[in-house]
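Structure first, then comments.
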Protein chains: 2
Amino acid sequence: MTEKTYTVTGMTCDHCVRSVIEEVSALDGVTGVLVDLPTGEVTVAGDTEVGVAEVRAAVEEAGYQLTA
Amino acid sequence: MTEKTYTVTGMTCDHCVRSVIEEVSALDGVTGVLVDLPTGEVTVAGDTEVGVAEVRAAVEEAGYQLTA
């Protein structure tokens, strides 16, 4: 299993958190998503490493921005 | 943040994993869901502790069973 943490800006509440989890968890190979709302840290766990481009697209689809 | 691990039976593939993540992450206060498909372990992270009854209902809604 691999795990990578990104920083997402724009999330303000639990609904934002759920939107991000929903979009990111729909990516191929993702087995877990953990969001820390205060810091904007989003940790993505997967069977294999999930590409940053795919994570970025999913975060943007949810309405937020990936900054790192 | 609190974190609790449950065992879920019946998941066989990535689509099962996503269904569980989707349903469980929709519960109030949940900020992360991590699923280990081989063992059936589902870890739920939250701002506050999420009730086992709510987690069980979400897992069943996804079509699986919570055993522990």
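Convention: chains lettered A, B, ... in structure tokens order; per-chain residue numbering from 1; ligands numbered from 1 as shown.
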
Which residues of chain B come within 7 Å of chain A, and for each one, what is the closest pair of atoms and their distance in Å to one decimal, counting only C-alpha atoms, sorted by chain and residue number, as a tab-separated table?
residue	atom	partner	partner_atom	distance
B:Asp14	CA	A:Gly29	CA	7.0
B:Val17	CA	A:Thr31	CA	6.5
B:Arg18	CA	A:Ser25	CA	6.2
B:Glu22	CA	A:Glu22	CA	5.9
B:Ser25	CA	A:Arg18	CA	6.1
B:Ala26	CA	A:Arg18	CA	6.3
B:Gly29	CA	A:Asp14	CA	6.9
B:Thr31	CA	A:Val35	CA	5.4
B:Gly32	CA	A:Leu34	CA	3.8
B:Val33	CA	A:Gly32	CA	5.5
B:Leu34	CA	A:Gly32	CA	3.8
B:Val35	CA	A:Thr31	CA	5.4
B:Asp36	CA	A:Thr31	CA	6.9

In range 27-63 of chain B, what's strand (DSSP E or B) per DSSP? Answer as number ranges by chain?
B: 30-36, 41-46

Output for the residues just chosen: all heavy atoms as a JSON list (two decimals), in the first residue's frame:
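Result went into out_11.json, see below:
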[["chain", "number", "residue", "atom", "x", "y", "z"],
["B", 30, "VAL", "N", -17.49, 12.39, 9.81],
["B", 30, "VAL", "CA", -16.44, 11.53, 9.27],
["B", 30, "VAL", "C", -15.49, 12.36, 8.40],
["B", 30, "VAL", "O", -15.94, 13.10, 7.53],
["B", 30, "VAL", "CB", -17.03, 10.36, 8.45],
["B", 30, "VAL", "CG1", -15.94, 9.63, 7.69],
["B", 30, "VAL", "CG2", -17.78, 9.41, 9.37],
["B", 31, "THR", "N", -14.19, 12.24, 8.67],
["B", 31, "THR", "CA", -13.21, 12.99, 7.89],
["B", 31, "THR", "C", -12.28, 12.09, 7.10],
["B", 31, "THR", "O", -11.42, 12.57, 6.38],
["B", 31, "THR", "CB", -12.36, 13.88, 8.82],
["B", 31, "THR", "OG1", -11.75, 13.03, 9.80],
["B", 31, "THR", "CG2", -13.21, 14.93, 9.51],
["B", 32, "GLY", "N", -12.46, 10.78, 7.25],
["B", 32, "GLY", "CA", -11.61, 9.88, 6.48],
["B", 32, "GLY", "C", -12.07, 8.45, 6.61],
["B", 32, "GLY", "O", -12.62, 8.04, 7.63],
["B", 33, "VAL", "N", -11.87, 7.71, 5.52],
["B", 33, "VAL", "CA", -12.20, 6.28, 5.53],
["B", 33, "VAL", "C", -11.08, 5.55, 4.78],
["B", 33, "VAL", "O", -10.70, 5.95, 3.69],
["B", 33, "VAL", "CB", -13.54, 5.99, 4.81],
["B", 33, "VAL", "CG1", -13.90, 4.52, 4.93],
["B", 33, "VAL", "CG2", -14.65, 6.86, 5.35],
["B", 34, "LEU", "N", -10.56, 4.51, 5.43],
["B", 34, "LEU", "CA", -9.49, 3.73, 4.82],
["B", 34, "LEU", "C", -9.92, 2.28, 4.83],
["B", 34, "LEU", "O", -10.32, 1.74, 5.86],
["B", 34, "LEU", "CB", -8.21, 3.90, 5.64],
["B", 34, "LEU", "CG", -6.99, 3.12, 5.17],
["B", 34, "LEU", "CD1", -6.46, 3.70, 3.87],
["B", 34, "LEU", "CD2", -5.90, 3.16, 6.22],
["B", 35, "VAL", "N", -9.85, 1.64, 3.67],
["B", 35, "VAL", "CA", -10.30, 0.25, 3.58],
["B", 35, "VAL", "C", -9.12, -0.64, 3.18],
["B", 35, "VAL", "O", -8.40, -0.34, 2.23],
["B", 35, "VAL", "CB", -11.42, 0.10, 2.52],
["B", 35, "VAL", "CG1", -11.83, -1.36, 2.38],
["B", 35, "VAL", "CG2", -12.63, 0.95, 2.90],
["B", 36, "ASP", "N", -8.95, -1.73, 3.90],
["B", 36, "ASP", "CA", -7.97, -2.74, 3.49],
["B", 36, "ASP", "C", -8.76, -3.94, 2.97],
["B", 36, "ASP", "O", -9.37, -4.68, 3.75],
["B", 36, "ASP", "CB", -7.08, -3.14, 4.68],
["B", 36, "ASP", "CG", -5.98, -4.09, 4.22],
["B", 36, "ASP", "OD1", -5.20, -3.70, 3.33],
["B", 36, "ASP", "OD2", -5.93, -5.22, 4.72],
["B", 41, "GLU", "N", -10.66, -4.75, 6.81],
["B", 41, "GLU", "CA", -10.61, -3.71, 7.85],
["B", 41, "GLU", "C", -10.97, -2.34, 7.28],
["B", 41, "GLU", "O", -10.41, -1.91, 6.28],
["B", 41, "GLU", "CB", -9.22, -3.66, 8.48],
["B", 41, "GLU", "CG", -8.97, -4.80, 9.44],
["B", 41, "GLU", "CD", -7.69, -4.62, 10.23],
["B", 41, "GLU", "OE1", -6.90, -3.72, 9.92],
["B", 41, "GLU", "OE2", -7.49, -5.40, 11.18],
["B", 42, "VAL", "N", -11.90, -1.69, 7.97],
["B", 42, "VAL", "CA", -12.33, -0.36, 7.56],
["B", 42, "VAL", "C", -12.06, 0.59, 8.72],
["B", 42, "VAL", "O", -12.61, 0.43, 9.80],
["B", 42, "VAL", "CB", -13.83, -0.34, 7.21],
["B", 42, "VAL", "CG1", -14.30, 1.07, 6.90],
["B", 42, "VAL", "CG2", -14.12, -1.27, 6.03],
["B", 43, "THR", "N", -11.18, 1.55, 8.48],
["B", 43, "THR", "CA", -10.84, 2.52, 9.52],
["B", 43, "THR", "C", -11.59, 3.81, 9.24],
["B", 43, "THR", "O", -11.54, 4.34, 8.13],
["B", 43, "THR", "CB", -9.33, 2.76, 9.56],
["B", 43, "THR", "OG1", -8.68, 1.50, 9.79],
["B", 43, "THR", "CG2", -8.95, 3.73, 10.66],
["B", 44, "VAL", "N", -12.28, 4.28, 10.27],
["B", 44, "VAL", "CA", -13.09, 5.48, 10.14],
["B", 44, "VAL", "C", -12.49, 6.57, 11.03],
["B", 44, "VAL", "O", -12.34, 6.37, 12.24],
["B", 44, "VAL", "CB", -14.55, 5.21, 10.56],
["B", 44, "VAL", "CG1", -15.40, 6.47, 10.41],
["B", 44, "VAL", "CG2", -15.13, 4.06, 9.74],
["B", 45, "ALA", "N", -12.14, 7.69, 10.44],
["B", 45, "ALA", "CA", -11.62, 8.81, 11.20],
["B", 45, "ALA", "C", -12.69, 9.88, 11.28],
["B", 45, "ALA", "O", -13.47, 10.06, 10.34],
["B", 45, "ALA", "CB", -10.37, 9.37, 10.53],
["B", 46, "GLY", "N", -12.72, 10.58, 12.40],
["B", 46, "GLY", "CA", -13.74, 11.62, 12.56],
["B", 46, "GLY", "C", -13.31, 12.71, 13.50],
["B", 46, "GLY", "O", -12.37, 12.54, 14.28]]

Non-local contacts of Gly63 in chain B (9 Å; only C-alpha atoms; under 6 positions in same chain excluded) as a list in words
Gly10, Met11, Cys16, Ser19 and Val20 of chain B

Using DSSP secondary structure from the backbone, list all alpha helix (DSSP H) positions within chain A, as number ranges by chain.
A: 14-25, 52-62

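Proximity of A:Glu60, A:Thr48, A:Pro38, A:Leu66 to Thr5 in chain A, computed with only C-alpha atoms, is greatest for A:Leu66.
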